>>> print(open('run-v3.txt').read())   # compact mmCIF, C-alpha atoms
# COMPACT_ATOMS: atom_id res chain seq x y z
CA MET B 1 60.51 81.25 54.51
CA ASN B 2 62.72 78.27 53.83
CA THR B 3 65.53 78.72 56.38
CA GLN B 4 67.34 75.61 55.15
CA ALA B 5 67.86 77.19 51.74
CA THR B 6 69.19 80.39 53.39
CA VAL B 7 71.72 78.39 55.38
CA ALA B 8 72.86 76.60 52.25
CA ILE B 9 73.47 79.87 50.37
CA ALA B 10 75.38 81.74 53.11
CA PRO B 11 79.12 80.93 52.92
CA ARG B 12 80.55 79.07 55.90
CA LEU B 13 83.30 81.34 57.19
CA LEU B 14 86.05 80.42 59.64
CA ASN B 15 88.87 82.87 60.36
CA GLY B 16 87.46 85.05 57.59
CA LEU B 17 87.96 82.34 54.97
CA ASN B 18 85.23 80.59 52.99
CA VAL B 19 85.48 76.99 54.16
CA ASP B 20 83.47 75.56 51.27
CA ALA B 21 85.53 77.45 48.67
CA ALA B 22 88.70 76.05 50.26
CA MET B 23 87.34 72.51 50.11
CA THR B 24 86.19 73.02 46.50
CA THR B 25 89.69 74.23 45.54
CA ILE B 26 91.34 71.21 47.13
CA GLN B 27 88.89 68.88 45.38
CA ALA B 28 89.53 70.62 42.04
CA ILE B 29 93.31 70.23 42.42
CA GLN B 30 92.95 66.57 43.31
CA ASN B 31 90.92 66.09 40.12
CA ASP B 32 93.34 68.12 37.96
CA PRO B 33 96.85 68.77 39.38
CA GLU B 34 97.51 71.40 36.68
CA ILE B 35 95.17 73.77 38.56
CA ALA B 36 97.83 74.02 41.30
CA GLN B 37 100.48 75.54 39.00
CA PHE B 38 100.94 79.28 39.72
CA GLN B 39 103.39 81.87 38.44
CA PHE B 40 103.82 85.14 40.35
CA ARG B 41 105.56 88.24 38.96
CA ALA B 42 106.99 91.64 39.81
CA ARG B 43 108.61 94.42 37.76
CA ASN B 44 111.12 96.83 39.25
CA ARG B 45 112.75 100.04 38.11
CA TRP B 46 115.82 101.68 39.61
CA ILE B 47 115.23 105.33 40.54
CA ASP B 48 118.57 106.51 41.98
CA GLY B 49 121.08 105.36 44.59
CA GLY B 50 119.38 102.89 46.95
CA GLU B 51 115.86 103.73 45.72
CA ASN B 52 113.88 101.52 43.36
CA ARG B 53 110.21 100.75 42.82
CA SER B 54 108.28 97.58 42.03
CA THR B 55 104.86 97.10 40.51
CA VAL B 56 102.78 93.98 41.15
CA LYS B 57 99.54 93.06 39.42
CA ASP B 58 99.27 90.09 37.06
CA PHE B 59 99.83 86.43 37.83
CA TYR B 60 98.98 83.05 36.33
CA GLY B 61 97.16 80.31 38.20
CA ALA B 62 94.44 77.67 37.86
CA LYS B 63 95.20 77.39 34.13
CA ALA B 64 94.53 81.07 33.33
CA GLU B 65 95.85 84.60 33.69
CA ASP B 66 94.19 86.23 36.69
CA MET B 67 91.76 89.00 35.77
CA SER B 68 90.50 89.89 39.25
CA ARG B 69 92.83 92.79 40.04
CA THR B 70 91.99 96.32 38.96
CA GLU B 71 94.78 97.95 40.98
CA THR B 72 98.53 97.84 40.31
CA TRP B 73 100.42 98.00 43.60
CA GLU B 74 103.64 99.97 43.88
CA PHE B 75 106.29 99.38 46.53
CA THR B 76 109.38 101.50 47.06
CA ASN B 77 112.64 100.12 48.35
CA GLY B 78 114.99 102.58 50.02
CA GLU B 79 117.91 102.58 52.42
CA PRO B 80 118.59 104.49 55.64
CA PRO B 81 121.38 107.12 55.68
CA ILE B 82 123.77 104.71 57.43
CA LEU B 83 123.39 102.50 54.33
CA LEU B 84 123.87 105.49 51.99
CA GLY B 85 120.17 106.18 51.36
CA LYS B 86 117.55 108.73 52.35
CA ASN B 87 114.92 106.49 53.95
CA GLU B 88 112.96 106.48 50.69
CA GLY B 89 111.21 103.32 51.93
CA ALA B 90 111.84 100.16 53.90
CA ASN B 91 114.82 98.28 52.53
CA PRO B 92 114.72 94.94 50.68
CA VAL B 93 115.73 92.79 53.66
CA GLU B 94 112.92 94.39 55.67
CA PHE B 95 110.42 93.65 52.89
CA LEU B 96 111.60 90.04 53.06
CA LEU B 97 110.61 89.94 56.75
CA HIS B 98 107.20 91.42 55.86
CA ALA B 99 106.74 88.69 53.23
CA LEU B 100 107.73 85.98 55.72
CA ALA B 101 105.46 87.32 58.47
CA GLY B 102 102.49 87.45 56.11
CA CYS B 103 103.07 84.03 54.65
CA VAL B 104 103.46 82.21 57.97
CA THR B 105 100.33 84.01 59.21
CA THR B 106 98.18 83.17 56.17
CA THR B 107 99.38 79.56 56.11
CA PHE B 108 98.58 79.27 59.82
CA VAL B 109 95.09 80.72 59.36
CA LEU B 110 94.39 78.56 56.30
CA HIS B 111 95.34 75.28 57.94
CA ALA B 112 93.46 76.27 61.10
CA ILE B 113 90.21 76.04 59.14
CA ALA B 114 91.08 72.50 58.00
CA ARG B 115 91.33 71.62 61.70
CA GLY B 116 88.24 73.58 62.74
CA ILE B 117 90.28 75.97 64.90
CA ALA B 118 88.92 79.51 65.29
CA ILE B 119 91.68 82.08 65.70
CA HIS B 120 90.88 85.14 67.81
CA SER B 121 94.10 87.09 67.36
CA LEU B 122 97.50 86.55 65.79
CA SER B 123 100.54 88.77 65.60
CA THR B 124 104.24 88.23 65.01
CA GLU B 125 107.53 89.98 65.68
CA LEU B 126 110.47 89.19 63.41
CA GLU B 127 114.15 89.90 63.63
CA GLY B 128 117.06 88.81 61.48
CA ASP B 129 120.82 89.27 61.64
CA ILE B 130 122.99 90.41 58.78
CA ASP B 131 126.74 90.95 58.73
CA LEU B 132 127.63 93.62 56.14
CA HIS B 133 130.98 91.95 55.45
CA GLY B 134 128.99 89.69 53.11
CA LEU B 135 127.20 92.38 51.09
CA LEU B 136 130.35 94.45 50.80
CA GLY B 137 132.48 91.51 49.66
CA LEU B 138 134.93 92.12 52.51
CA ASN B 139 134.95 88.48 53.63
CA GLU B 140 133.87 85.71 51.29
CA ASP B 141 133.36 83.34 54.26
CA ILE B 142 130.50 85.50 55.56
CA PRO B 143 127.19 85.02 53.72
CA ALA B 144 125.57 88.16 52.35
CA GLY B 145 122.10 87.18 53.57
CA TYR B 146 120.41 86.64 56.90
CA ARG B 147 122.33 84.42 59.29
CA GLU B 148 119.07 83.46 60.96
CA ILE B 149 115.53 84.83 61.22
CA ARG B 150 113.51 84.59 64.43
CA VAL B 151 109.73 84.84 64.54
CA LYS B 152 107.86 85.29 67.81
CA MET B 153 104.16 84.54 67.46
CA HIS B 154 101.38 85.71 69.77
CA VAL B 155 98.24 83.72 69.11
CA GLU B 156 94.89 83.26 70.81
CA ALA B 157 92.61 80.50 69.54
CA ASP B 158 89.90 78.16 70.77
CA CYS B 159 92.10 75.08 71.10
CA SER B 160 94.70 73.53 73.37
CA ASP B 161 98.32 74.66 73.51
CA GLU B 162 99.27 71.30 72.06
CA ALA B 163 96.97 71.78 69.05
CA LEU B 164 98.45 75.25 68.52
CA GLU B 165 102.01 73.96 68.61
CA ASP B 166 101.11 71.27 66.11
CA LEU B 167 99.42 73.79 63.81
CA LEU B 168 102.41 76.13 64.07
CA ALA B 169 104.85 73.38 63.06
CA PHE B 170 102.61 72.50 60.12
CA ALA B 171 102.32 76.15 59.02
CA GLN B 172 106.09 76.60 59.21
CA ALA B 173 106.66 73.54 57.03
CA HIS B 174 104.02 74.56 54.46
CA SER B 175 104.47 78.33 54.19
CA PRO B 176 105.72 79.17 50.68
CA VAL B 177 107.90 82.11 51.78
CA CYS B 178 109.27 80.26 54.83
CA ASN B 179 110.06 77.28 52.62
CA THR B 180 111.74 79.52 50.03
CA ILE B 181 114.01 80.93 52.74
CA CYS B 182 114.74 77.64 54.56
CA ARG B 183 115.45 75.69 51.38
CA PRO B 184 118.05 76.56 48.71
CA VAL B 185 115.96 77.94 45.83
CA PRO B 186 117.65 78.66 42.49
CA VAL B 187 117.56 82.29 41.37
CA LYS B 188 118.48 82.68 37.69
CA ILE B 189 119.46 86.19 36.70
CA GLU B 190 120.20 87.09 33.12
CA ARG B 191 120.47 90.24 31.07
CA ALA B 192 117.70 90.89 28.58
CA GLU B 193 118.69 91.31 24.95
CA MET Y 1 136.84 132.02 45.52
CA ASN Y 2 138.77 128.91 46.39
CA THR Y 3 137.38 126.32 43.96
CA GLN Y 4 139.52 123.57 45.44
CA ALA Y 5 137.75 123.91 48.79
CA THR Y 6 134.36 123.79 47.05
CA VAL Y 7 135.31 120.58 45.27
CA ALA Y 8 136.44 119.03 48.55
CA ILE Y 9 133.14 119.78 50.29
CA ALA Y 10 130.75 118.65 47.52
CA PRO Y 11 130.07 114.91 47.84
CA ARG Y 12 131.32 112.76 44.98
CA LEU Y 13 128.22 111.02 43.68
CA LEU Y 14 128.08 108.03 41.36
CA ASN Y 15 124.76 106.31 40.60
CA GLY Y 16 123.22 108.58 43.23
CA LEU Y 17 125.46 107.19 45.98
CA ASN Y 18 128.05 109.13 47.97
CA VAL Y 19 131.32 107.48 46.97
CA ASP Y 20 133.32 108.92 49.87
CA ALA Y 21 130.72 107.85 52.42
CA ALA Y 22 130.85 104.32 50.98
CA MET Y 23 134.64 104.24 51.26
CA THR Y 24 134.48 105.64 54.81
CA THR Y 25 131.99 102.92 55.81
CA ILE Y 26 134.20 100.17 54.40
CA GLN Y 27 137.23 101.62 56.18
CA ALA Y 28 135.32 101.84 59.46
CA ILE Y 29 134.23 98.18 59.18
CA GLN Y 30 137.78 97.10 58.45
CA ASN Y 31 138.91 98.92 61.60
CA ASP Y 32 136.06 97.55 63.74
CA PRO Y 33 134.15 94.49 62.38
CA GLU Y 34 131.40 94.99 64.99
CA ILE Y 35 130.15 97.97 62.95
CA ALA Y 36 129.00 95.50 60.28
CA GLN Y 37 126.51 93.72 62.57
CA PHE Y 38 122.91 94.67 61.72
CA GLN Y 39 119.55 93.46 62.96
CA PHE Y 40 116.42 94.21 60.91
CA ARG Y 41 112.86 93.85 62.21
CA ALA Y 42 109.19 93.76 61.27
CA ARG Y 43 105.95 93.41 63.23
CA ASN Y 44 102.81 91.94 61.71
CA ARG Y 45 99.18 91.68 62.77
CA TRP Y 46 96.55 89.42 61.28
CA ILE Y 47 93.43 91.30 60.20
CA ASP Y 48 91.10 88.62 58.80
CA GLY Y 49 91.28 85.74 56.31
CA GLY Y 50 94.28 86.28 54.02
CA GLU Y 51 94.80 89.90 55.11
CA ASN Y 52 97.53 91.00 57.51
CA ARG Y 53 99.62 94.11 57.98
CA SER Y 54 103.27 94.73 58.85
CA THR Y 55 104.98 97.77 60.28
CA VAL Y 56 108.66 98.48 59.72
CA LYS Y 57 110.70 101.21 61.38
CA ASP Y 58 113.47 100.44 63.87
CA PHE Y 59 116.68 98.50 63.26
CA TYR Y 60 120.07 98.07 64.89
CA GLY Y 61 123.35 98.63 63.08
CA ALA Y 62 126.83 100.15 63.46
CA LYS Y 63 126.66 99.49 67.22
CA ALA Y 64 123.51 101.54 67.83
CA GLU Y 65 119.75 101.67 67.39
CA ASP Y 66 118.98 103.68 64.26
CA MET Y 67 117.30 107.02 64.99
CA SER Y 68 117.05 108.37 61.44
CA ARG Y 69 113.52 107.27 60.60
CA THR Y 70 110.55 109.42 61.50
CA GLU Y 71 108.05 107.38 59.51
CA THR Y 72 106.68 103.91 60.27
CA TRP Y 73 105.93 102.10 57.03
CA GLU Y 74 102.89 99.86 56.76
CA PHE Y 75 102.49 97.06 54.20
CA THR Y 76 99.36 94.99 53.67
CA ASN Y 77 99.45 91.38 52.54
CA GLY Y 78 96.32 90.10 50.83
CA GLU Y 79 95.27 87.31 48.52
CA PRO Y 80 93.35 87.25 45.24
CA PRO Y 81 89.84 85.67 45.18
CA ILE Y 82 91.21 82.48 43.62
CA LEU Y 83 93.31 82.11 46.78
CA LEU Y 84 90.31 82.89 49.00
CA GLY Y 85 91.07 86.61 49.50
CA LYS Y 86 89.70 89.96 48.34
CA ASN Y 87 92.84 91.48 46.74
CA GLU Y 88 93.51 93.43 49.95
CA GLY Y 89 97.13 93.80 48.79
CA ALA Y 90 99.88 91.93 46.99
CA ASN Y 91 100.43 88.52 48.51
CA PRO Y 92 103.50 87.41 50.49
CA VAL Y 93 105.19 85.54 47.65
CA GLU Y 94 104.84 88.66 45.48
CA PHE Y 95 106.39 90.81 48.22
CA LEU Y 96 109.28 88.33 48.23
CA LEU Y 97 109.85 89.06 44.52
CA HIS Y 98 109.76 92.81 45.26
CA ALA Y 99 112.39 92.32 47.97
CA LEU Y 100 114.58 90.26 45.64
CA ALA Y 101 114.29 92.76 42.77
CA GLY Y 102 115.23 95.66 45.03
CA CYS Y 103 118.14 93.88 46.66
CA VAL Y 104 119.76 92.69 43.44
CA THR Y 105 119.33 96.22 42.04
CA THR Y 106 120.83 98.02 45.03
CA THR Y 107 123.71 95.54 45.29
CA PHE Y 108 124.39 96.00 41.58
CA VAL Y 109 124.35 99.81 41.86
CA LEU Y 110 126.53 99.75 45.00
CA HIS Y 111 129.24 97.56 43.53
CA ALA Y 112 129.15 99.54 40.28
CA ILE Y 113 130.55 102.53 42.17
CA ALA Y 114 133.45 100.44 43.47
CA ARG Y 115 134.27 99.72 39.80
CA GLY Y 116 133.66 103.28 38.60
CA ILE Y 117 130.74 102.20 36.40
CA ALA Y 118 128.00 104.80 35.83
CA ILE Y 119 124.57 103.21 35.36
CA HIS Y 120 122.11 105.02 33.12
CA SER Y 121 119.07 102.80 33.57
CA LEU Y 122 118.24 99.52 35.26
CA SER Y 123 115.01 97.55 35.44
CA THR Y 124 114.09 93.96 36.18
CA GLU Y 125 111.23 91.55 35.52
CA LEU Y 126 110.78 88.63 37.89
CA GLU Y 127 108.72 85.48 37.76
CA GLY Y 128 108.59 82.48 40.03
CA ASP Y 129 106.74 79.17 39.95
CA ILE Y 130 104.77 77.72 42.83
CA ASP Y 131 102.84 74.45 42.96
CA LEU Y 132 99.97 74.74 45.47
CA HIS Y 133 100.21 71.04 46.33
CA GLY Y 134 103.00 72.14 48.68
CA LEU Y 135 101.13 74.89 50.54
CA LEU Y 136 98.00 72.77 50.84
CA GLY Y 137 99.87 69.75 52.17
CA LEU Y 138 98.47 67.59 49.36
CA ASN Y 139 101.84 66.14 48.39
CA GLU Y 140 104.75 66.18 50.81
CA ASP Y 141 107.22 65.63 47.95
CA ILE Y 142 106.37 69.04 46.46
CA PRO Y 143 108.02 72.00 48.24
CA ALA Y 144 105.68 74.75 49.41
CA GLY Y 145 107.94 77.53 48.14
CA TYR Y 146 109.17 78.74 44.80
CA ARG Y 147 110.57 76.02 42.56
CA GLU Y 148 112.76 78.60 40.85
CA ILE Y 149 112.84 82.38 40.42
CA ARG Y 150 113.92 84.01 37.16
CA VAL Y 151 115.13 87.62 36.94
CA LYS Y 152 115.51 89.37 33.60
CA MET Y 153 117.60 92.53 33.89
CA HIS Y 154 117.64 95.44 31.45
CA VAL Y 155 120.67 97.62 32.10
CA GLU Y 156 122.42 100.47 30.33
CA ALA Y 157 125.79 101.58 31.65
CA ASP Y 158 129.02 103.14 30.44
CA CYS Y 159 131.05 99.93 30.31
CA SER Y 160 131.54 96.84 28.18
CA ASP Y 161 129.12 93.92 28.09
CA GLU Y 162 131.82 91.82 29.70
CA ALA Y 163 132.18 94.25 32.62
CA LEU Y 164 128.38 94.23 33.06
CA GLU Y 165 128.24 90.44 33.12
CA ASP Y 166 130.98 90.37 35.71
CA LEU Y 167 129.23 92.98 37.85
CA LEU Y 168 125.94 91.09 37.57
CA ALA Y 169 127.52 87.84 38.76
CA PHE Y 170 129.11 89.70 41.68
CA ALA Y 171 125.82 91.40 42.61
CA GLN Y 172 123.97 88.08 42.50
CA ALA Y 173 126.51 86.48 44.83
CA HIS Y 174 126.51 89.41 47.28
CA SER Y 175 122.84 90.45 47.40
CA PRO Y 176 121.50 89.75 50.91
CA VAL Y 177 117.98 88.80 49.73
CA CYS Y 178 119.26 86.71 46.82
CA ASN Y 179 121.65 84.94 49.16
CA THR Y 180 118.87 84.34 51.71
CA ILE Y 181 116.78 82.67 49.00
CA CYS Y 182 119.60 80.66 47.36
CA ARG Y 183 121.04 79.41 50.63
CA PRO Y 184 119.16 77.46 53.34
CA VAL Y 185 118.60 80.03 56.09
CA PRO Y 186 117.20 78.87 59.44
CA VAL Y 187 113.84 80.39 60.42
CA LYS Y 188 113.04 79.84 64.09
CA ILE Y 189 109.39 80.30 64.96
CA GLU Y 190 108.17 80.12 68.52
CA ARG Y 191 105.11 81.14 70.45
CA ALA Y 192 105.49 84.04 72.83
CA GLU Y 193 104.60 83.42 76.47
>>> encode(input="run-v3.txt", output="structure tokens")
Amino acid sequence: MNTQATVAIAPRLLNGLNVDAAMTTIQAIQNDPEIAQFQFRARNRWIDGGENRSTVKDFYGAKAEDMSRTETWEFTNGEPPILLGKNEGANPVEFLLHALAGCVTTTFVLHAIARGIAIHSLSTELEGDIDLHGLLGLNEDIPAGYREIRVKMHVEADCSDEALEDLLAFAQAHSPVCNTICRPVPVKIERAE
Amino acid sequence: MNTQATVAIAPRLLNGLNVDAAMTTIQAIQNDPEIAQFQFRARNRWIDGGENRSTVKDFYGAKAEDMSRTETWEFTNGEPPILLGKNEGANPVEFLLHALAGCVTTTFVLHAIARGIAIHSLSTELEGDIDLHGLLGLNEDIPAGYREIRVKMHVEADCSDEALEDLLAFAQAHSPVCNTICRPVPVKIERAE
């Protein structure tokens, strides 16, 4: 048996990610920047009161519509009774925290493989402060959104504390959701004909 | 039968929201601004590769920990194969669109009741552009997050087009998630001891 050939075929995994596929993607983007252009989408329908539901499936990336997904995911926004709802689901500002947690985590794990760092465990706790004066239009000096979001990360990995701190700073700066929150991103809303 | 008493007890609903409860909340906040201070939370755990899972349940608001929720919601972030995952779930930037869709919708529906506008139907389609050069750290001039997010809203309501446009502009300016995206919001990430 040719063990060398077996080694060459098995994907090199680190943190559950295929290291060679990651390197191939980076090489492909460097050869053709258009491959890096992605468009993500969601559709949402109001049900009643504070309840509404999104579906997520299709997206565009690497110069083509994605065809890999067979499932359409559905997510329900709701509100607690104190915010006039019936706990039909988590509310939108909580989903935002879920998105942020996931994005910082995935960005951290992805850039760990570029540095050869194996991560053993990783979890986060998030909290964010909102003053309802903003949402309710009771005080135009108070922003409607989060005043600040705090993320506490528990991580165990096979590297020094210094290397972890450096990786964390890099992940924070390169996480798409974190960047969308930290930076002013234009949202254009218009009525359909 | 005293029909007047029956009318007084039945909640006045508009767009599925209790109008009197909304007015009572606003009055309470005007009497005691501390009632408007909320803190929302999420916890997330990395599973493997691009998969991680959040739980959402508790929050603080109106000067107390909320006790209304019996269910803990779980949401799974994943990535498509082209982004090194196995379609374990929608990805974080898609969850962000879900959060934005829901928040603009709920803010729209909420402020419609303040204006006495009955909404018959409301749905949105969202799309946002991301250039992977940012996430991958291949070009520090390209932001990691969304370049722009577009929301197309289909709405039918018992008011003029002008009134709808005005309500839409107000909802956009007062939606907590929309405001968090449009405005630079500080995200503080630190490692737990």
>>> residues_around(input="run-v3.txt", residues="His120 of chain B", least_positions_apart="2", cutoff="7 Å", atoms="only C-alpha atoms", output="tab-separated table (two decimals) with C-alpha atoms, in the frame of the given file")
chain	number	residue	atom	x	y	z
B	118	ALA	CA	88.92	79.51	65.29
B	156	GLU	CA	94.89	83.26	70.81
B	157	ALA	CA	92.61	80.50	69.54
>>> closest_residue(input="run-v3.txt", among="Y:Ala163, Y:Cys103, Y:Ala64, Y:Met23", to="chain B", atoms="only C-alpha atoms")
Y:Cys103
>>> atom_distance(input="run-v3.txt", atom1="atom CA of Pro80 of chain Y", atom2="atom CA of Gly49 of chain Y")
11.4 Å
>>> residues_around(input="run-v3.txt", residues="Glu51 of chain Y", least_positions_apart="6", cutoff="10 Å", atoms="all atoms listed in the file", output="ChimeraX atom specification")
/B:16,102,105-106 /Y:45,76-79,85-91
>>> closest_residue(input="run-v3.txt", among="B:Gln39, B:Gln172, B:Ser121, B:Asn139", to="Asp158 of chain B", atoms="only C-alpha atoms")
B:Ser121
>>> atom_distance(input="run-v3.txt", atom1="atom CA of His174 of chain B", atom2="atom CA of Gly134 of chain B")
29.2 Å
>>> closest_residue(input="run-v3.txt", among="Y:Met153, Y:Ile117, Y:Leu14, Y:Leu164", to="chain B", atoms="only C-alpha atoms")
Y:Met153
>>> closest_residue(input="run-v3.txt", among="B:Leu97, B:Glu71, B:Asn44, B:Glu162", to="Lys57 of chain B", atoms="only C-alpha atoms")
B:Glu71
>>> decode(input="run-v3.txt", residues="segment 41-50 of chain B", atoms="all heavy atoms", output="compact mmCIF listing (two decimals), in the first residue's frame")
# COMPACT_ATOMS: atom_id res chain seq x y z
N ARG B 41 -28.66 37.18 1.37
CA ARG B 41 -30.06 37.60 1.26
C ARG B 41 -30.93 37.01 2.36
O ARG B 41 -30.62 35.96 2.92
CB ARG B 41 -30.63 37.14 -0.09
CG ARG B 41 -29.83 37.62 -1.29
CD ARG B 41 -30.21 36.88 -2.55
NE ARG B 41 -29.30 37.21 -3.64
CZ ARG B 41 -28.89 36.36 -4.58
NH1 ARG B 41 -29.35 35.10 -4.57
NH2 ARG B 41 -28.06 36.74 -5.52
N ALA B 42 -32.02 37.68 2.64
CA ALA B 42 -33.06 37.13 3.53
C ALA B 42 -34.39 37.70 3.07
O ALA B 42 -34.45 38.79 2.47
CB ALA B 42 -32.79 37.52 4.98
N ARG B 43 -35.47 36.95 3.30
CA ARG B 43 -36.82 37.44 3.04
C ARG B 43 -37.59 37.33 4.34
O ARG B 43 -37.41 36.37 5.09
CB ARG B 43 -37.52 36.59 1.96
CG ARG B 43 -36.91 36.78 0.57
CD ARG B 43 -37.42 35.77 -0.44
NE ARG B 43 -36.68 35.90 -1.70
CZ ARG B 43 -35.46 35.38 -1.91
NH1 ARG B 43 -34.87 34.67 -0.95
NH2 ARG B 43 -34.85 35.55 -3.06
N ASN B 44 -38.44 38.30 4.61
CA ASN B 44 -39.17 38.31 5.88
C ASN B 44 -40.63 38.65 5.65
O ASN B 44 -40.96 39.46 4.77
CB ASN B 44 -38.52 39.34 6.82
CG ASN B 44 -39.16 39.36 8.21
OD1 ASN B 44 -40.23 39.94 8.40
ND2 ASN B 44 -38.51 38.73 9.17
N ARG B 45 -41.49 38.04 6.46
CA ARG B 45 -42.92 38.32 6.35
C ARG B 45 -43.48 38.60 7.74
O ARG B 45 -43.21 37.85 8.69
CB ARG B 45 -43.64 37.11 5.73
CG ARG B 45 -45.08 37.37 5.30
CD ARG B 45 -45.61 36.21 4.47
NE ARG B 45 -45.60 34.97 5.21
CZ ARG B 45 -46.55 34.58 6.07
NH1 ARG B 45 -47.60 35.36 6.30
NH2 ARG B 45 -46.47 33.43 6.70
N TRP B 46 -44.19 39.69 7.87
CA TRP B 46 -44.85 40.04 9.12
C TRP B 46 -46.02 39.09 9.36
O TRP B 46 -46.82 38.84 8.45
CB TRP B 46 -45.36 41.49 9.04
CG TRP B 46 -46.15 41.93 10.23
CD1 TRP B 46 -45.76 41.91 11.55
CD2 TRP B 46 -47.47 42.48 10.23
NE1 TRP B 46 -46.75 42.41 12.35
CE2 TRP B 46 -47.81 42.77 11.57
CE3 TRP B 46 -48.40 42.76 9.22
CZ2 TRP B 46 -49.04 43.32 11.93
CZ3 TRP B 46 -49.63 43.31 9.58
CH2 TRP B 46 -49.93 43.59 10.92
N ILE B 47 -46.11 38.57 10.59
CA ILE B 47 -47.22 37.68 10.95
C ILE B 47 -48.30 38.50 11.64
O ILE B 47 -49.41 38.64 11.14
CB ILE B 47 -46.76 36.53 11.89
CG1 ILE B 47 -45.50 35.84 11.34
CG2 ILE B 47 -47.89 35.54 12.13
CD1 ILE B 47 -45.68 35.07 10.05
N ASP B 48 -47.96 39.06 12.81
CA ASP B 48 -48.90 39.86 13.60
C ASP B 48 -48.14 40.48 14.77
O ASP B 48 -47.24 39.84 15.31
CB ASP B 48 -50.05 38.97 14.11
CG ASP B 48 -51.28 39.79 14.50
OD1 ASP B 48 -51.43 40.93 14.01
OD2 ASP B 48 -52.10 39.29 15.30
N GLY B 49 -48.51 41.67 15.16
CA GLY B 49 -47.87 42.31 16.31
C GLY B 49 -46.36 42.31 16.16
O GLY B 49 -45.83 42.74 15.14
N GLY B 50 -45.65 41.79 17.17
CA GLY B 50 -44.19 41.75 17.16
C GLY B 50 -43.63 40.47 16.57
O GLY B 50 -42.44 40.17 16.76
